Amino acid sequence: RDRFGFTAHMEFYEPHELERVVTRSAGLLDVTIDPAGAAEIAGRSRGTPRIANRLLRRVRDYAQVKADGVVTREIAAAALGVYEVDGRGLDRLDRAVLEALLKLFGGGPVGLSTLAVAVGEERETVEEVAEPFLVREGLLAR
């Protein structure tokens with residue numbers, strides 16, 4: 001990042017911005033999506049377009065197999081339930097970290113390496129994937 005003489009910081013996207021990303025990506029993937037379906041996916045995307053596009057592809061697959069291929073709010077919610085992404089965007093790893101922190105370590109403090117071992121993930125995965133989102137959401141303090 002420093003090679004260019006400045007460092008840039010990208011802000012997380014707002015849900016309405018991610019709705020536009022999801023709608024555009026649905027068009028590129030030739031997926032019919034209604035605005036409520038796009039909003040459902042956007043709201044669970046952790047403020048990140050890459051995650052929004054990944055979730056859209058999973059929802060598309062679900063809609064093609066379990067429904068008529070059209071992504072509605074109900075289809076998106078059902079698909080994301082199958083993939084264990086809740087309404088706040090928490091996934092299996094996030095819930096495992098929070099559960100371990102609360103149940104195994106009494107709310108903390110606990111070291112990152114110890115927490116990673118407790119959830120069966122690499123330290124870097126917990127540090128780079130789960131921790132930033134949980135801190136940003138106010139569910140975890142460093």
# chains A, B, ... in the order shown; residues from 1 in each chain; ligands from 1
call {"tool": "residues_around", "arguments": {"residues": "Tyr62 (chain A)", "least_positions_apart": "2", "cutoff": "12 Å", "atoms": "only C-alpha atoms", "output": "PyMOL selection string"}}
result
chain A and resi 31+55-60+64-72+74-83
call {"tool": "select_by_dssp", "arguments": {"residues": "chain A", "states": "strand (DSSP E or B)", "output": "ChimeraX atom specification"}}
result
/A:32-33,70-71
call {"tool": "atom_distance", "arguments": {"atom1": "CA of Val22 (chain A)", "atom2": "CA of Gly43 (chain A)"}}
result
10.7 Å
call {"tool": "residues_around", "arguments": {"residues": "Glu11 (chain A)", "least_positions_apart": "6", "cutoff": "12 Å", "atoms": "only C-alpha atoms", "output": "ChimeraX atom specification"}}
result
/A:17,46-49,136
call {"tool": "closest_residue", "arguments": {"among": "A:Leu104, A:His9, A:Arg3, A:Arg54", "to": "Val21 (chain A)", "atoms": "only C-alpha atoms"}}
result
A:Arg54
call {"tool": "closest_residue", "arguments": {"among": "A:Leu90, A:Ala130, A:Leu28, A:Leu139", "to": "Leu115 (chain A)", "atoms": "only C-alpha atoms"}}
result
A:Ala130
call {"tool": "closest_residue", "arguments": {"among": "A:Pro15, A:Leu140, A:Asp86, A:Ala100", "to": "Val119 (chain A)", "atoms": "only C-alpha atoms"}}
result
A:Ala100
call {"tool": "residues_around", "arguments": {"residues": "Val126 (chain A)", "least_positions_apart": "5", "cutoff": "7 Å", "atoms": "only C-alpha atoms", "output": "PyMOL selection string"}}
result
chain A and resi 116+121+131
call {"tool": "write_last_selection", "arguments": {"atoms": "all heavy atoms", "output": "PDB file, in the first residue's frame"}}
result
ATOM      1  N   ALA A 116      -9.054 -18.864  19.005  1.00  0.00           N
ATOM      2  CA  ALA A 116      -9.015 -19.560  17.709  1.00  0.00           C
ATOM      3  C   ALA A 116      -8.995 -21.072  17.909  1.00  0.00           C
ATOM      4  O   ALA A 116      -9.699 -21.801  17.204  1.00  0.00           O
ATOM      5  CB  ALA A 116      -7.804 -19.101  16.906  1.00  0.00           C
ATOM      6  N   GLU A 121     -10.411 -22.809  14.424  1.00  0.00           N
ATOM      7  CA  GLU A 121     -10.014 -22.036  13.243  1.00  0.00           C
ATOM      8  C   GLU A 121      -8.590 -21.540  13.410  1.00  0.00           C
ATOM      9  O   GLU A 121      -8.057 -21.506  14.516  1.00  0.00           O
ATOM     10  CB  GLU A 121     -10.936 -20.825  13.061  1.00  0.00           C
ATOM     11  CG  GLU A 121     -12.324 -21.155  12.605  1.00  0.00           C
ATOM     12  CD  GLU A 121     -12.416 -21.608  11.154  1.00  0.00           C
ATOM     13  OE1 GLU A 121     -11.458 -21.371  10.382  1.00  0.00           O
ATOM     14  OE2 GLU A 121     -13.440 -22.184  10.797  1.00  0.00           O
ATOM     15  N   GLU A 131     -13.145 -11.095  13.911  1.00  0.00           N
ATOM     16  CA  GLU A 131     -12.912 -10.028  14.884  1.00  0.00           C
ATOM     17  C   GLU A 131     -13.270  -8.628  14.385  1.00  0.00           C
ATOM     18  O   GLU A 131     -13.994  -7.901  15.077  1.00  0.00           O
ATOM     19  CB  GLU A 131     -11.466 -10.069  15.375  1.00  0.00           C
ATOM     20  CG  GLU A 131     -11.183  -9.051  16.455  1.00  0.00           C
ATOM     21  CD  GLU A 131      -9.722  -9.006  16.851  1.00  0.00           C
ATOM     22  OE1 GLU A 131      -8.852  -9.144  15.962  1.00  0.00           O
ATOM     23  OE2 GLU A 131      -9.468  -8.815  18.045  1.00  0.00           O
TER      24      GLU A 131
END
call {"tool": "closest_residue", "arguments": {"among": "A:Arg20, A:Arg44, A:Arg92, A:Arg73", "to": "Val129 (chain A)", "atoms": "only C-alpha atoms"}}
result
A:Arg92
call {"tool": "closest_residue", "arguments": {"among": "A:Ala42, A:Ala63, A:Leu112, A:Ile51", "to": "Glu128 (chain A)", "atoms": "only C-alpha atoms"}}
result
A:Leu112
